[in-house]
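Chemist: Contents of run19.txt (compact mmCIF, C-alpha atoms):
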# COMPACT_ATOMS: atom_id res chain seq x y z
CA MET A 1 13.77 19.35 7.10
CA LYS A 2 16.00 16.54 8.33
CA LYS A 3 16.15 13.40 6.23
CA SER A 4 15.82 9.92 7.63
CA MET A 5 18.44 7.50 6.34
CA ARG A 6 15.70 5.44 4.71
CA ALA A 7 12.71 3.49 5.95
CA GLY A 8 11.07 2.80 2.63
CA LYS A 9 11.97 5.08 -0.28
CA THR A 10 8.52 5.04 -1.88
CA LEU A 11 6.78 5.60 1.45
CA PHE A 12 9.17 8.41 2.41
CA LEU A 13 8.66 10.19 -0.92
CA ILE A 14 4.89 9.96 -0.59
CA VAL A 15 5.03 11.46 2.89
CA CYS A 16 7.27 14.30 1.67
CA PHE A 17 5.04 15.07 -1.31
CA CYS A 18 1.80 14.99 0.61
CA VAL A 19 2.94 17.02 3.60
CA MET A 20 4.82 19.63 1.59
CA GLY A 21 2.39 19.82 -1.32
CA LEU A 22 -1.05 19.39 0.22
CA THR A 23 -1.58 22.27 2.62
CA ALA A 24 -5.30 22.03 3.19
CA CYS A 25 -6.03 21.40 6.84
CA GLY A 26 -7.01 17.81 7.42
CA GLU A 27 -8.40 16.08 10.44
CA LYS A 28 -5.80 15.53 13.13
CA THR A 29 -5.51 12.17 14.77
CA GLN A 30 -4.37 11.42 18.28
CA GLU A 31 -0.61 11.75 18.67
CA SER A 32 1.31 8.51 18.99
CA THR A 33 3.43 8.09 22.09
CA GLY A 34 6.18 5.76 23.17
CA GLU A 35 9.65 4.89 21.90
CA GLU A 36 8.33 3.01 18.85
CA ALA A 37 6.83 6.25 17.54
CA ALA A 38 9.99 8.31 18.08
CA VAL A 39 12.12 7.24 15.11
CA SER A 40 11.77 5.88 11.60
CA SER A 41 12.48 2.17 11.58
CA ILE A 42 12.41 -1.16 9.81
CA SER A 43 11.46 -4.17 11.95
CA VAL A 44 12.33 -7.72 10.90
CA ASN A 45 9.79 -10.08 12.44
CA LYS A 46 10.24 -13.76 13.27
CA ASP A 47 7.58 -14.86 10.77
CA GLY A 48 9.52 -13.19 7.95
CA SER A 49 7.30 -10.13 7.71
CA ILE A 50 8.68 -6.59 7.65
CA SER A 51 7.23 -3.56 9.45
CA SER A 52 8.20 -0.13 8.15
CA ARG A 53 7.58 3.03 10.14
CA ILE A 54 8.12 6.59 8.91
CA VAL A 55 8.26 9.34 11.54
CA GLU A 56 8.92 12.80 10.13
CA ASP A 57 8.85 16.27 11.66
CA PHE A 58 8.16 18.90 9.02
CA GLY A 59 7.81 21.87 11.34
CA GLU A 60 4.18 22.54 10.39
CA SER A 61 1.07 22.38 12.55
CA TYR A 62 -1.31 21.14 9.86
CA TYR A 63 -1.43 18.16 7.53
CA ASP A 64 -3.90 16.63 5.14
CA ALA A 65 -3.85 13.24 6.82
CA GLY A 66 -6.68 11.97 4.64
CA GLY A 67 -4.80 12.91 1.49
CA LEU A 68 -1.65 11.17 2.72
CA LYS A 69 -3.60 8.00 3.49
CA SER A 70 -5.22 8.04 0.05
CA MET A 71 -1.88 8.46 -1.70
CA ILE A 72 -0.32 5.54 0.19
CA GLU A 73 -3.32 3.32 -0.51
CA SER A 74 -3.13 4.24 -4.19
CA ALA A 75 0.58 3.36 -4.29
CA ILE A 76 -0.18 0.00 -2.66
CA ALA A 77 -2.92 -0.73 -5.21
CA ASP A 78 -0.59 0.19 -8.09
CA TYR A 79 2.12 -2.09 -6.77
CA LYS A 80 -0.27 -4.99 -6.25
CA GLY A 81 -1.42 -4.47 -9.82
CA GLN A 82 2.16 -5.09 -10.93
CA ASP A 83 2.73 -8.01 -8.55
CA SER A 84 -0.40 -9.93 -7.61
CA THR A 85 1.53 -12.00 -5.04
CA ALA A 86 2.67 -8.96 -3.05
CA GLN A 87 1.18 -8.51 0.41
CA VAL A 88 1.36 -4.92 1.62
CA THR A 89 -0.84 -3.34 4.28
CA LEU A 90 -1.17 0.20 5.61
CA LYS A 91 -1.62 -0.23 9.38
CA LYS A 92 -1.48 3.37 10.59
CA CYS A 93 -1.44 6.88 9.16
CA GLU A 94 -1.44 9.66 11.74
CA ALA A 95 -0.64 13.36 11.61
CA SER A 96 -0.45 15.45 14.75
CA ASP A 97 1.44 18.37 16.30
CA GLY A 98 3.97 18.86 13.50
CA SER A 99 4.76 15.22 12.82
CA VAL A 100 3.63 12.35 10.62
CA ASN A 101 3.62 8.70 11.74
CA VAL A 102 2.98 6.02 9.12
CA LEU A 103 3.21 2.26 9.70
CA MET A 104 3.13 -0.33 6.92
CA GLU A 105 3.51 -4.09 7.03
CA PHE A 106 4.90 -6.37 4.32
CA ALA A 107 4.46 -10.15 4.23
CA ASP A 108 8.15 -10.67 3.39
CA TYR A 109 11.33 -8.83 2.47
CA LYS A 110 10.61 -9.19 -1.25
CA SER A 111 7.34 -7.25 -0.89
CA TYR A 112 9.16 -4.52 1.04
CA ALA A 113 11.99 -4.30 -1.49
CA GLY A 114 9.63 -4.35 -4.47
CA PHE A 115 7.25 -1.72 -3.16
CA ASN A 116 10.06 0.66 -2.24
CA GLY A 117 12.32 -0.07 -5.20
CA GLU A 118 15.22 -0.90 -2.89
CA ASN A 119 17.86 -3.59 -2.57
CA PHE A 120 16.87 -5.19 0.71
CA PHE A 121 17.19 -8.64 2.24
CA ALA A 122 16.19 -10.25 5.53
CA GLY A 123 16.71 -13.97 6.05
CA THR A 124 19.43 -16.50 6.73
CA ILE A 125 23.01 -15.89 5.65
CA GLN A 126 22.84 -19.03 3.54
CA ALA A 127 19.77 -17.70 1.71
CA ALA A 128 21.43 -14.31 1.17
CA ASN A 129 24.46 -15.98 -0.39
CA GLN A 130 22.25 -18.14 -2.63
CA ALA A 131 20.33 -15.03 -3.69
CA GLY A 132 23.58 -13.48 -4.92
CA PHE A 133 24.13 -10.78 -2.31
CA ASP A 134 27.77 -9.72 -1.91
CA LEU A 135 29.07 -10.98 1.43
CA ASN A 136 32.66 -9.93 0.82
CA VAL A 137 32.60 -7.61 3.85
CA THR A 138 34.03 -7.32 7.36
CA LEU A 139 31.62 -6.93 10.25
CA GLN A 140 32.48 -6.12 13.85
CA ALA A 141 31.11 -7.80 16.98
CA VAL A 142 28.55 -5.74 18.90
CA SER A 143 27.58 -8.40 21.46
CA ASP A 144 29.42 -10.18 24.25
CA ASN A 145 27.82 -13.36 22.90
CA ALA A 146 29.59 -13.07 19.55
CA ASP A 147 32.20 -15.81 19.09
CA LEU A 148 34.68 -13.58 17.21
CA THR A 149 35.66 -9.92 17.37
CA SER A 150 35.05 -9.61 13.63
CA VAL A 151 33.84 -11.76 10.74
CA SER A 152 34.39 -11.70 6.98
CA LYS A 153 32.93 -13.79 4.15
CA PRO A 154 34.43 -17.18 5.16
CA GLU A 155 33.15 -16.86 8.73
CA LEU A 156 29.77 -15.61 7.53
CA LEU A 157 29.35 -18.59 5.23
CA GLY A 158 30.08 -20.82 8.23
CA MET A 159 27.19 -19.14 10.07
CA GLY A 160 24.65 -20.01 7.40
CA ASP A 161 21.72 -20.53 9.76
CA ASN A 162 22.15 -17.15 11.43
CA HIS A 163 20.12 -14.23 10.10
CA ILE A 164 21.28 -11.17 8.20
CA VAL A 165 19.72 -7.87 7.19
CA ILE A 166 21.16 -6.17 4.11
CA PHE A 167 19.83 -2.71 3.41
CA GLU A 168 20.48 0.23 1.14
CA ALA A 169 21.38 3.42 3.00
CA ALA A 170 20.08 6.56 1.33
CA GLY A 171 22.39 9.44 0.48
CA THR A 172 21.54 12.70 2.23
CA ASP A 173 22.42 15.17 -0.57
CA GLY A 174 24.23 17.33 1.96
CA ALA A 175 21.26 17.52 4.34
CA GLU A 176 21.47 16.58 7.99
CA ALA A 177 20.37 12.99 8.44
CA GLN A 178 18.49 11.32 11.26
CA PRO A 179 19.44 7.74 12.10
CA MET A 180 17.11 5.00 10.92
CA ARG A 181 16.55 2.11 13.30
CA ILE A 182 16.67 -1.59 12.42
CA ASN A 183 14.80 -3.82 14.87
CA CYS A 184 15.54 -7.57 14.79
CA PHE A 185 13.61 -10.40 16.40
CA ASP A 186 16.72 -11.81 18.12
CA GLU A 187 20.07 -10.61 19.46
CA ILE A 188 22.36 -8.71 17.10
CA LEU A 189 25.87 -10.23 16.97
CA TYR A 190 27.76 -8.33 14.24
CA ALA A 191 27.27 -5.09 12.33
CA GLY A 192 28.96 -3.20 9.52
CA GLU A 193 30.40 0.30 9.42
CA GLY A 194 27.92 3.05 10.25
CA VAL A 195 25.64 0.72 12.22
CA VAL A 196 25.49 1.35 15.97
CA ALA A 197 23.77 -1.06 18.36
CA VAL A 198 21.29 0.68 20.67
CA GLY A 199 20.06 -2.47 22.39
CA LYS A 200 20.38 -6.23 22.11
CA LYS A 201 17.94 -6.36 19.20
CA SER A 202 18.10 -2.85 17.72
CA ALA A 203 20.67 -0.75 15.85
CA ASP A 204 20.77 2.72 14.35
CA VAL A 205 22.04 3.27 10.82
CA THR A 206 24.21 6.36 10.48
CA VAL A 207 26.07 5.54 7.25
CA SER A 208 25.14 7.67 4.23
CA GLY A 209 25.06 5.86 0.90
CA GLY A 210 26.07 2.29 0.09
CA TYR A 211 24.90 -0.78 1.98
CA GLY A 212 24.70 -1.77 5.62
CA MET A 213 24.61 -5.21 7.19
CA ILE A 214 23.47 -6.64 10.49
CA VAL A 215 23.93 -10.27 11.57
CA PHE A 216 21.76 -11.63 14.34
CA LYS A 217 20.87 -14.98 15.86
Show me this structure written as structure tokens.
Modeler:
Amino acid sequence: MKKSMRAGKTLFLIVCFCVMGLTACGEKTQESTGEEAAVSSISVNKDGSISSRIVEDFGESYYDAGGLKSMIESAIADYKGQDSTAQVTLKKCEASDGSVNVLMEFADYKSYAGFNGENFFAGTIQAANQAGFDLNVTLQAVSDNADLTSVSKPELLGMGDNHIVIFEAAGTDGAEAQPMRINCFDEILYAGEGVVAVGKKSADVTVSGGYGMIVFK
């Protein structure tokens, strides 16, 4: 089994446990199609919400899709019991032809980070600095519209109204890793090591362990 870099630690662990541990045949749902269903991803939306998609191929032809859905819903209920302000929704849970496709939506980055137990931020650079995130990094330009070829902390602080995604990249424990995609609502300007732009608003994370950063408009 290949590991995704990370698109929600809690969600990924639930998917692994259910698919590998629950072998009773469940009802199959219609297979998702299209590019959005092809890779695990985190999408940062303009309204501040976060969409998290897990796509995993476990090399089996049967899944207990109902059991997986129940486990995710139980995890959401448990988390909401700990944080009554959290807004987490399961939007899709499909299992078909050897793959699982799960989509969840979070009202904000704090709900995503809290549910998954991860260090994660999505917002303005100014807000990230005020929240105490370490911006002592060097990021490289990935867009022709970037003003500089690279930026470090002083330049980042001067771009306070621009947006930044800070995410924790999972270690692979020696296993082969699949890239995890970050989708942004505007053009990506700069990215850190191990982050490769695959479009104006999307980038794949290939770094294993540590933190990644993406700066966009």
Chemist: What separation in Å, quoted to one decimal, exists between CA of Tyr79 in chain A and CA of Phe115 in chain A?
Modeler: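 Atom-to-atom, CA of Tyr79 in chain A and CA of Phe115 in chain A are spaced 6.3 Å apart.
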Chemist: List as number ranges by chain the residues having at least one atom at most 10 Å from position (33.8, -11.2, 5.1) as given in the file, counting all atoms listed in the file.
Modeler: A: 134-139, 150-157
Chemist: Using only C-alpha atoms, find the one residue out of A:Val88, A:Val44, A:Ala203, A:Val39 that sits nearest to Tyr112 in chain A.
Modeler: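 Answer, going by the shortest atom-to-atom distance: A:Val88.
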Chemist: Please measure the separation of CA of Gly132 in chain A and CA of Phe185 in chain A, giving the value in Å to one decimal.
Modeler: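 Atom-to-atom, CA of Gly132 in chain A and CA of Phe185 in chain A are spaced 23.7 Å apart.
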Chemist: With distances taken over only C-alpha atoms, which residue among A:Ala95, A:Ile164, A:Leu148, A:Ile188 lies nearest Ala127 in chain A?
Modeler: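 Smallest distance to Ala127 in chain A is found for A:Ile164.
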Chemist: Could you give me, as a list in words, the residues within 9 Å of Gln87 in chain A, counting all atoms listed in the file and dropping anything in the same chain fewer than 2 positions from it?
Modeler: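 Close residues of Gln87 in chain A: Lys80, Ser84, Thr85, Thr89, Glu105, Phe106, Ala107, Asp108, Ser111 and Tyr112 of chain A.
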Chemist: Just to confirm, what's the straight-line distance from CA of Asn101 in chain A to CA of Cys184 in chain A in Å (one decimal)?
Modeler: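 Those two atoms sit 20.4 Å apart.
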Chemist: Within 8 Å of Lys92 in chain A, counting all atoms listed in the file, which residues qualify if same-chain residues fewer than 2 places away don't, as a PyMOL selection string?
Modeler: chain A and resi 90+94+101-104
Chemist: Just checking: using only C-alpha atoms, which residue out of A:Gln82, A:Asn45, A:Asn162, A:Gln140 ends up closest to Ala128 in chain A?
Modeler: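 Using only C-alpha atoms, the shortest distance to Ala128 in chain A belongs to A:Asn162.
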Chemist: Which residue gives the smallest distance to Ser52 in chain A among A:Asp144, A:Ala113, A:Ser99, A:Lys69, with only C-alpha atoms counted?
Modeler: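 Distance minimum relative to Ser52 in chain A lands on A:Ala113.
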Chemist: (22.4, 6.4, 13.7) in this file's frame - what residues fall within 7 Å of it? Use all atoms listed in the file and give the answer as a VMD selection string.
Modeler: chain A and resid 178 to 180 195 to 196 204 to 206
Chemist: Phe167 in chain A: which residues within 9 Å, counting only C-alpha atoms, same-chain residues fewer than 6 positions away excluded, as a list in words?
Modeler: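 The filter keeps Glu118, Asn119, Phe120, Phe121, Ala122, Gly210, Tyr211, Gly212, Met213 and Ile214 of chain A.
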Chemist: Go through A:Ser143, A:Asn116, A:Ser49, A:Thr124 and flag the residue nearest Ile166 in chain A, using only C-alpha atoms for the distances.
Modeler: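 Using only C-alpha atoms, the shortest distance to Ile166 in chain A belongs to A:Thr124.
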Chemist: Tell me which of A:Ile125, A:Ile42, A:Val142, A:Ile76 sits closest to Asp161 in chain A, counting all atoms listed in the file.
Modeler: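 Selected residue with least distance to Asp161 in chain A: A:Ile125.
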